[in-house]
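Have a look at run39.pdb below; it lists PDB, C-alpha atoms.
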```
MODEL        1
ATOM      1  CA  MET A   1      69.751 -10.666  91.721
ATOM      2  CA  PHE A   2      68.212 -12.870  89.032
ATOM      3  CA  THR A   3      68.534 -16.399  87.660
ATOM      4  CA  GLY A   4      68.300 -15.853  83.910
ATOM      5  CA  ILE A   5      65.026 -17.799  83.718
ATOM      6  CA  VAL A   6      62.687 -15.629  81.638
ATOM      7  CA  THR A   7      59.131 -15.634  83.022
ATOM      8  CA  ASP A   8      57.342 -13.257  80.640
ATOM      9  CA  ILE A   9      57.786 -11.463  77.336
ATOM     10  CA  GLY A  10      56.868  -7.816  77.761
ATOM     11  CA  THR A  11      56.005  -5.281  75.067
ATOM     12  CA  VAL A  12      57.074  -1.635  75.096
ATOM     13  CA  THR A  13      53.923   0.444  74.685
ATOM     14  CA  ALA A  14      55.347   3.932  75.209
ATOM     15  CA  ARG A  15      58.698   5.738  75.218
ATOM     16  CA  GLU A  16      59.108   9.300  76.451
ATOM     17  CA  THR A  17      62.177  11.418  77.088
ATOM     18  CA  ARG A  18      61.883  13.536  80.216
ATOM     19  CA  GLY A  19      65.471  14.006  81.405
ATOM     20  CA  ASP A  20      65.849  10.239  81.583
ATOM     21  CA  THR A  21      63.948   7.992  79.183
ATOM     22  CA  HIS A  22      60.639   6.642  80.462
ATOM     23  CA  PHE A  23      59.373   3.298  79.154
ATOM     24  CA  ARG A  24      55.971   1.727  79.735
ATOM     25  CA  ILE A  25      56.010  -2.076  79.410
ATOM     26  CA  ARG A  26      52.942  -4.279  79.056
ATOM     27  CA  THR A  27      53.180  -7.545  81.013
ATOM     28  CA  SER A  28      51.139 -10.566  82.032
ATOM     29  CA  TYR A  29      52.589 -10.358  85.576
ATOM     30  CA  ASP A  30      50.204  -9.748  88.447
ATOM     31  CA  THR A  31      51.274  -6.140  88.927
ATOM     32  CA  GLY A  32      49.426  -6.021  92.242
ATOM     33  CA  SER A  33      52.282  -8.094  93.655
ATOM     34  CA  ILE A  34      54.951  -5.747  92.265
ATOM     35  CA  ALA A  35      55.990  -2.939  94.600
ATOM     36  CA  ILE A  36      57.016   0.490  93.373
ATOM     37  CA  GLY A  37      60.805   0.386  93.632
ATOM     38  CA  ALA A  38      61.003  -3.328  92.804
ATOM     39  CA  SER A  39      63.651  -4.572  90.391
ATOM     40  CA  ILE A  40      62.753  -6.320  87.146
ATOM     41  CA  ALA A  41      65.275  -7.573  84.589
ATOM     42  CA  CYS A  42      64.227  -6.181  81.209
ATOM     43  CA  ALA A  43      66.207  -7.838  78.385
ATOM     44  CA  GLY A  44      68.745  -8.594  81.109
ATOM     45  CA  VAL A  45      69.001  -5.044  82.459
ATOM     46  CA  CYS A  46      68.012  -4.550  86.106
ATOM     47  CA  LEU A  47      65.501  -1.682  86.133
ATOM     48  CA  THR A  48      63.393  -0.101  88.886
ATOM     49  CA  VAL A  49      59.601  -0.004  88.692
ATOM     50  CA  VAL A  50      58.468   3.634  89.044
ATOM     51  CA  GLN A  51      54.788   3.318  88.050
ATOM     52  CA  LYS A  52      52.321   0.517  87.417
ATOM     53  CA  ALA A  53      48.732  -0.291  86.494
ATOM     54  CA  ALA A  54      46.739  -3.483  85.951
ATOM     55  CA  ASP A  55      48.709  -4.737  82.937
ATOM     56  CA  TRP A  56      51.841  -2.592  82.741
ATOM     57  CA  PHE A  57      54.751  -1.150  84.676
ATOM     58  CA  ALA A  58      57.059   1.743  83.885
ATOM     59  CA  VAL A  59      60.790   2.299  84.313
ATOM     60  CA  ASP A  60      63.171   5.232  83.935
ATOM     61  CA  VAL A  61      66.445   4.623  82.102
ATOM     62  CA  SER A  62      69.509   6.873  82.276
ATOM     63  CA  ALA A  63      71.530   7.999  79.260
ATOM     64  CA  GLU A  64      74.420   5.875  80.575
ATOM     65  CA  THR A  65      72.303   2.711  80.461
ATOM     66  CA  LEU A  66      70.970   3.571  77.003
ATOM     67  CA  SER A  67      74.526   3.978  75.703
ATOM     68  CA  ARG A  68      75.825   0.677  77.148
ATOM     69  CA  THR A  69      72.907  -1.632  76.313
ATOM     70  CA  THR A  70      70.400  -2.298  73.540
ATOM     71  CA  LEU A  71      67.730  -0.253  75.323
ATOM     72  CA  GLY A  72      68.568   2.769  73.193
ATOM     73  CA  VAL A  73      66.803   1.187  70.206
ATOM     74  CA  TRP A  74      63.641   0.193  72.073
ATOM     75  CA  GLY A  75      60.472   1.674  70.649
ATOM     76  CA  GLU A  76      56.761   0.998  70.740
ATOM     77  CA  GLY A  77      56.199  -2.665  69.955
ATOM     78  CA  SER A  78      59.657  -3.863  71.031
ATOM     79  CA  GLN A  79      59.383  -7.233  72.765
ATOM     80  CA  ILE A  80      61.650  -7.917  75.720
ATOM     81  CA  ASN A  81      62.447 -10.775  78.080
ATOM     82  CA  LEU A  82      61.320 -10.151  81.667
ATOM     83  CA  GLU A  83      62.286 -11.696  84.991
ATOM     84  CA  ARG A  84      61.301 -10.601  88.487
ATOM     85  CA  SER A  85      64.054 -10.490  91.093
ATOM     86  CA  LEU A  86      65.117 -13.605  92.971
ATOM     87  CA  ARG A  87      63.576 -14.156  96.411
ATOM     88  CA  VAL A  88      65.115 -16.228  99.200
ATOM     89  CA  GLY A  89      63.853 -19.775  98.779
ATOM     90  CA  ASP A  90      63.209 -19.516  95.021
ATOM     91  CA  GLU A  91      64.481 -22.285  92.774
ATOM     92  CA  LEU A  92      67.784 -21.348  91.120
ATOM     93  CA  GLY A  93      67.098 -22.817  87.699
ATOM     94  CA  GLY A  94      69.695 -20.870  85.712
ATOM     95  CA  HIS A  95      72.678 -19.191  87.359
ATOM     96  CA  ILE A  96      73.245 -16.113  89.521
ATOM     97  CA  VAL A  97      72.744 -13.064  87.298
ATOM     98  CA  SER A  98      73.437  -9.488  88.409
ATOM     99  CA  GLY A  99      71.358  -7.641  85.823
ATOM    100  CA  HIS A 100      74.337  -5.334  85.204
ATOM    101  CA  VAL A 101      74.999  -5.749  81.490
ATOM    102  CA  ASP A 102      78.705  -6.120  80.680
ATOM    103  CA  GLY A 103      78.489  -5.312  76.986
ATOM    104  CA  VAL A 104      76.586  -5.601  73.731
ATOM    105  CA  GLY A 105      77.128  -8.564  71.432
ATOM    106  CA  GLU A 106      76.124  -9.093  67.809
ATOM    107  CA  VAL A 107      74.476 -12.079  66.139
ATOM    108  CA  VAL A 108      76.881 -13.559  63.577
ATOM    109  CA  SER A 109      74.697 -16.390  62.278
ATOM    110  CA  VAL A 110      71.530 -18.359  62.963
ATOM    111  CA  LYS A 111      70.956 -21.865  61.633
ATOM    112  CA  ALA A 112      68.650 -24.755  62.367
ATOM    113  CA  GLU A 113      70.090 -27.886  63.978
ATOM    114  CA  GLY A 114      67.224 -30.356  64.166
ATOM    115  CA  GLU A 115      64.460 -28.546  66.067
ATOM    116  CA  SER A 116      67.018 -26.372  67.846
ATOM    117  CA  LEU A 117      68.607 -23.159  66.646
ATOM    118  CA  ARG A 118      72.369 -22.689  66.707
ATOM    119  CA  ILE A 119      73.180 -18.989  67.167
ATOM    120  CA  ASP A 120      76.710 -17.625  67.017
ATOM    121  CA  PHE A 121      77.454 -14.256  68.632
ATOM    122  CA  ARG A 122      80.443 -11.920  68.549
ATOM    123  CA  ALA A 123      81.335 -10.535  71.963
ATOM    124  CA  PRO A 124      83.316  -7.334  72.538
ATOM    125  CA  ASP A 125      87.028  -8.127  72.757
ATOM    126  CA  ALA A 126      87.117  -6.979  76.394
ATOM    127  CA  LEU A 127      84.607  -9.704  77.335
ATOM    128  CA  ALA A 128      85.790 -12.554  75.125
ATOM    129  CA  GLY A 129      88.243 -13.895  77.725
ATOM    130  CA  PHE A 130      85.421 -14.351  80.261
ATOM    131  CA  ILE A 131      83.369 -16.658  78.014
ATOM    132  CA  ALA A 132      84.137 -20.372  78.329
ATOM    133  CA  GLU A 133      82.866 -23.448  76.519
ATOM    134  CA  LYS A 134      80.218 -25.233  78.650
ATOM    135  CA  GLY A 135      80.068 -22.187  80.909
ATOM    136  CA  SER A 136      77.022 -19.982  81.401
ATOM    137  CA  ILE A 137      76.209 -16.606  79.874
ATOM    138  CA  THR A 138      73.148 -14.389  79.989
ATOM    139  CA  ILE A 139      71.862 -13.115  76.640
ATOM    140  CA  ASP A 140      69.038 -10.550  76.759
ATOM    141  CA  GLY A 141      68.220 -11.843  80.229
ATOM    142  CA  ALA A 142      68.178 -15.571  79.391
ATOM    143  CA  SER A 143      70.650 -17.954  81.041
ATOM    144  CA  LEU A 144      72.279 -20.142  78.377
ATOM    145  CA  THR A 145      75.106 -22.660  78.072
ATOM    146  CA  VAL A 146      78.011 -21.771  75.779
ATOM    147  CA  ASN A 147      78.524 -24.650  73.330
ATOM    148  CA  GLY A 148      81.666 -23.425  71.624
ATOM    149  CA  VAL A 149      84.133 -20.526  71.569
ATOM    150  CA  SER A 150      86.479 -19.333  68.824
ATOM    151  CA  GLY A 151      88.214 -16.061  69.606
ATOM    152  CA  SER A 152      85.491 -13.496  70.285
ATOM    153  CA  VAL A 153      82.760 -15.640  68.679
ATOM    154  CA  PHE A 154      80.742 -18.063  70.791
ATOM    155  CA  GLY A 155      77.730 -20.230  70.080
ATOM    156  CA  VAL A 156      74.634 -21.397  71.933
ATOM    157  CA  ASN A 157      71.825 -23.780  71.035
ATOM    158  CA  LEU A 158      68.193 -22.863  71.667
ATOM    159  CA  ILE A 159      65.809 -25.751  72.223
ATOM    160  CA  PRO A 160      62.192 -25.226  71.023
ATOM    161  CA  HIS A 161      60.998 -24.328  74.548
ATOM    162  CA  THR A 162      63.550 -21.502  74.841
ATOM    163  CA  GLN A 163      62.596 -20.248  71.378
ATOM    164  CA  GLN A 164      58.954 -20.047  72.474
ATOM    165  CA  VAL A 165      59.282 -18.462  75.932
ATOM    166  CA  THR A 166      61.967 -15.858  75.120
ATOM    167  CA  THR A 167      62.623 -13.367  72.342
ATOM    168  CA  LEU A 168      65.804 -15.182  71.285
ATOM    169  CA  GLY A 169      64.092 -17.418  68.721
ATOM    170  CA  LYS A 170      63.434 -14.319  66.594
ATOM    171  CA  LEU A 171      67.065 -13.177  66.411
ATOM    172  CA  LYS A 172      68.694 -12.715  63.020
ATOM    173  CA  SER A 173      72.180 -11.923  61.767
ATOM    174  CA  GLY A 174      73.276  -8.411  62.732
ATOM    175  CA  ASP A 175      70.930  -8.072  65.720
ATOM    176  CA  LYS A 176      72.434  -6.686  68.923
ATOM    177  CA  VAL A 177      71.997  -8.342  72.337
ATOM    178  CA  ASN A 178      72.828  -7.582  75.959
ATOM    179  CA  LEU A 179      75.544  -9.801  77.438
ATOM    180  CA  ASP A 180      76.005 -10.479  81.144
ATOM    181  CA  ILE A 181      78.950 -12.730  81.969
ATOM    182  CA  VAL A 182      79.183 -14.916  85.061
ATOM    183  CA  VAL A 183      80.092 -12.711  88.020
ATOM    184  CA  LEU A 184      82.593 -15.271  89.338
ATOM    185  CA  ALA A 185      84.667 -14.909  86.151
ATOM    186  CA  ARG A 186      85.151 -11.194  86.856
ATOM    187  CA  TYR A 187      86.295 -11.854  90.434
ATOM    188  CA  VAL A 188      88.751 -14.542  89.311
ATOM    189  CA  ALA A 189      90.212 -12.181  86.704
ATOM    190  CA  ARG A 190      90.487  -9.355  89.246
ATOM    191  CA  LEU A 191      92.186 -11.683  91.741
ATOM    192  CA  GLN A 192      94.716 -12.729  89.091
ATOM    193  CA  GLN A 193      95.470  -9.062  88.340
ATOM    194  CA  TRP A 194      95.928  -8.307  92.037
ATOM    195  CA  VAL A 195      98.233 -11.303  92.575
ATOM    196  CA  LYS A 196     100.396 -10.275  89.591
ATOM    197  CA  ALA A 197     100.636  -6.697  90.844
ATOM    198  CA  SER A 198     101.581  -7.611  94.410
TER     199      SER A 198
ENDMDL
END
```
If you convert what's in this file into structure tokens, what do you get?
Amino acid sequence: MFTGIVTDIGTVTARETRGDTHFRIRTSYDTGSIAIGASIACAGVCLTVVQKAADWFAVDVSAETLSRTTLGVWGEGSQINLERSLRVGDELGGHIVSGHVDGVGEVVSVKAEGESLRIDFRAPDALAGFIAEKGSITIDGASLTVNGVSGSVFGVNLIPHTQQVTTLGKLKSGDKVNLDIVVLARYVARLQQWVKAS
């Protein structure tokens, strides 16, 4: 589990296909404290550390994950939001995030609002009903507050700090992002379906 509070921006330094796709990611984390088998959210996707050295770790990604997330377009130089998994006793600064991406959204527009950036995204129709104004959503691993919803389009505002410590400040129209909706919304929807069917 994660909180959606990005703690590093990693850089992909190598990509290799060997059955699954193998990525090497440079990080400023103390990799000595990262165990092989540990989970790290990479652009919001929970991935397992399979190798590491002083300033990098590596992950293997299945074809299924590549097809359902933005990881398929990662190449050398791609920058990605990173978060280590939540430990008991850690501060929960964002919201509970599973790291299981629900779908890929698209940037509709980016505009300045004072020092903040207003970014509108289009969500897949299947996810639109789970996104609520003033609710939380995870975009490329960052926990954000939804400021407005119109059909399948929703908007968020990025303060300068968020622009600096995540990759989101560099987004432009047409870019694709990983979306992770609040887990509780899925359970509520499933409960409603079950009640209607019974």
message: To test your reading of the syntax: which residues would the PyMOL selection byres ((chain A and resi 110) around 8) return for the file shown? Reply as a list in words.
response: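 Output from the PyMOL selection byres ((chain A and resi 110) around 8), applied to this file: Val107, Val108, Ser109, Lys111, Ala112, Leu117, Arg118, Ile119, Asp120, Leu171, Lys172 and Ser173 of chain A.
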task: Can you pull out every residue within 7 Å of Phe121 of chain A, counting only C-alpha atoms, but drop anything in the same chain fewer than 3 positions away, and send it as a ChimeraX atom specification?
output: /A:105-108,153-155
Sorted by chain and rising residue number, list the residues of segment 152-187 of chain A at most 12 Å from segment 8-11 of chain A (counting all atoms listed in the file), each with its closest atom pair and distance in Å to one decimal, as CSV.
```
residue,atom,partner,partner_atom,distance
A:Thr162,CA,A:Asp8,CA,11.8
A:Gln163,CA,A:Ile9,CA,11.7
A:Gln164,CA,A:Ile9,CA,9.9
A:Val165,CA,A:Asp8,CA,7.3
A:Thr166,CA,A:Ile9,CA,6.5
A:Thr167,CA,A:Ile9,CA,7.2
A:Leu168,CA,A:Ile9,CA,10.7
```
Atoms kept (C-alpha atoms) for selection, written as a PDB file, in the coordinates of the input:
```
ATOM      1  CA  THR A 162      63.550 -21.502  74.841  1.00  0.00           C
ATOM      2  CA  GLN A 163      62.596 -20.248  71.378  1.00  0.00           C
ATOM      3  CA  GLN A 164      58.954 -20.047  72.474  1.00  0.00           C
ATOM      4  CA  VAL A 165      59.282 -18.462  75.932  1.00  0.00           C
ATOM      5  CA  THR A 166      61.967 -15.858  75.120  1.00  0.00           C
ATOM      6  CA  THR A 167      62.623 -13.367  72.342  1.00  0.00           C
ATOM      7  CA  LEU A 168      65.804 -15.182  71.285  1.00  0.00           C
TER       8      LEU A 168
END
```
message: Could you tell me, as a VMD selection string, exactly which residues end up selected when the PyMOL selection byres ((chain A and resi 4) around 12) is applied to this structure?
response: chain A and resid 1 to 3 5 to 8 40 to 46 81 to 86 91 to 99 136 to 145 162 166 179 to 182
task: Any chance you could resolve the PyMOL selection byres ((chain A and resi 103) around 7) against this file and give the residues as an MDAnalysis selection string?
output: chainID A and resid 68:69 101:102 104:105 124 178:179
Got time to write the residues from that selection, C-alpha atoms, as a PDB file, keeping the file's coordinate frame?
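Listing of selection25.pdb after writing:
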```pdb
ATOM      1  CA  ARG A  68      75.825   0.677  77.148  1.00  0.00           C
ATOM      2  CA  THR A  69      72.907  -1.632  76.313  1.00  0.00           C
ATOM      3  CA  VAL A 101      74.999  -5.749  81.490  1.00  0.00           C
ATOM      4  CA  ASP A 102      78.705  -6.120  80.680  1.00  0.00           C
ATOM      5  CA  VAL A 104      76.586  -5.601  73.731  1.00  0.00           C
ATOM      6  CA  GLY A 105      77.128  -8.564  71.432  1.00  0.00           C
ATOM      7  CA  PRO A 124      83.316  -7.334  72.538  1.00  0.00           C
ATOM      8  CA  ASN A 178      72.828  -7.582  75.959  1.00  0.00           C
ATOM      9  CA  LEU A 179      75.544  -9.801  77.438  1.00  0.00           C
TER      10      LEU A 179
END
```
- prompt: To one decimal place, how far is atom CA of Leu71 of chain A from atom CA of Gly19 of chain A in Å?
  reply: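 Separation of atom CA of Leu71 of chain A and atom CA of Gly19 of chain A: 15.7 Å.
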task: State, in Å with one decimal place, the distance from atom CA of Gly37 of chain A to atom CA of Phe57 of chain A.
output: 10.9 Å
Which polymer residues, whether protein, DNA or RNA, lie within 12 Å of the coordinate (55.1, -2.7, 83.5) when you count all atoms listed in the file? List them as an mmCIF file with C-alpha atoms, keeping the file's coordinate frame, using the chain letters and numbers from the file.
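Full text of part-v7.cif as output:
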```
data_model
loop_
_atom_site.group_PDB
_atom_site.id
_atom_site.type_symbol
_atom_site.label_atom_id
_atom_site.label_comp_id
_atom_site.auth_asym_id
_atom_site.auth_seq_id
_atom_site.Cartn_x
_atom_site.Cartn_y
_atom_site.Cartn_z
ATOM 1 C CA ASP A 8 57.342 -13.257 80.640
ATOM 2 C CA ILE A 9 57.786 -11.463 77.336
ATOM 3 C CA GLY A 10 56.868 -7.816 77.761
ATOM 4 C CA THR A 11 56.005 -5.281 75.067
ATOM 5 C CA VAL A 12 57.074 -1.635 75.096
ATOM 6 C CA THR A 13 53.923 0.444 74.685
ATOM 7 C CA ALA A 14 55.347 3.932 75.209
ATOM 8 C CA HIS A 22 60.639 6.642 80.462
ATOM 9 C CA PHE A 23 59.373 3.298 79.154
ATOM 10 C CA ARG A 24 55.971 1.727 79.735
ATOM 11 C CA ILE A 25 56.010 -2.076 79.410
ATOM 12 C CA ARG A 26 52.942 -4.279 79.056
ATOM 13 C CA THR A 27 53.180 -7.545 81.013
ATOM 14 C CA SER A 28 51.139 -10.566 82.032
ATOM 15 C CA TYR A 29 52.589 -10.358 85.576
ATOM 16 C CA ASP A 30 50.204 -9.748 88.447
ATOM 17 C CA THR A 31 51.274 -6.140 88.927
ATOM 18 C CA GLY A 32 49.426 -6.021 92.242
ATOM 19 C CA SER A 33 52.282 -8.094 93.655
ATOM 20 C CA ILE A 34 54.951 -5.747 92.265
ATOM 21 C CA ALA A 35 55.990 -2.939 94.600
ATOM 22 C CA ILE A 36 57.016 0.490 93.373
ATOM 23 C CA ALA A 38 61.003 -3.328 92.804
ATOM 24 C CA SER A 39 63.651 -4.572 90.391
ATOM 25 C CA ILE A 40 62.753 -6.320 87.146
ATOM 26 C CA ALA A 41 65.275 -7.573 84.589
ATOM 27 C CA CYS A 42 64.227 -6.181 81.209
ATOM 28 C CA LEU A 47 65.501 -1.682 86.133
ATOM 29 C CA THR A 48 63.393 -0.101 88.886
ATOM 30 C CA VAL A 49 59.601 -0.004 88.692
ATOM 31 C CA VAL A 50 58.468 3.634 89.044
ATOM 32 C CA GLN A 51 54.788 3.318 88.050
ATOM 33 C CA LYS A 52 52.321 0.517 87.417
ATOM 34 C CA ALA A 53 48.732 -0.291 86.494
ATOM 35 C CA ALA A 54 46.739 -3.483 85.951
ATOM 36 C CA ASP A 55 48.709 -4.737 82.937
ATOM 37 C CA TRP A 56 51.841 -2.592 82.741
ATOM 38 C CA PHE A 57 54.751 -1.150 84.676
ATOM 39 C CA ALA A 58 57.059 1.743 83.885
ATOM 40 C CA VAL A 59 60.790 2.299 84.313
ATOM 41 C CA ASP A 60 63.171 5.232 83.935
ATOM 42 C CA ILE A 80 61.650 -7.917 75.720
ATOM 43 C CA LEU A 82 61.320 -10.151 81.667
ATOM 44 C CA GLU A 83 62.286 -11.696 84.991
ATOM 45 C CA ARG A 84 61.301 -10.601 88.487
#
```
Pick from A:Gly148, A:Gly114, A:Gly75, A:Gly129 nearest to Pro160 of chain A, counting only C-alpha atoms: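 Among A:Gly148, A:Gly114, A:Gly75, A:Gly129, it is A:Gly114 that comes nearest to Pro160 of chain A.
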- request: Using atom CA of Gly77 of chain A and atom CA of Lys170 of chain A as the two end points, give the distance in Å to one decimal.
  value: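 These two atoms are separated by 14.1 Å.
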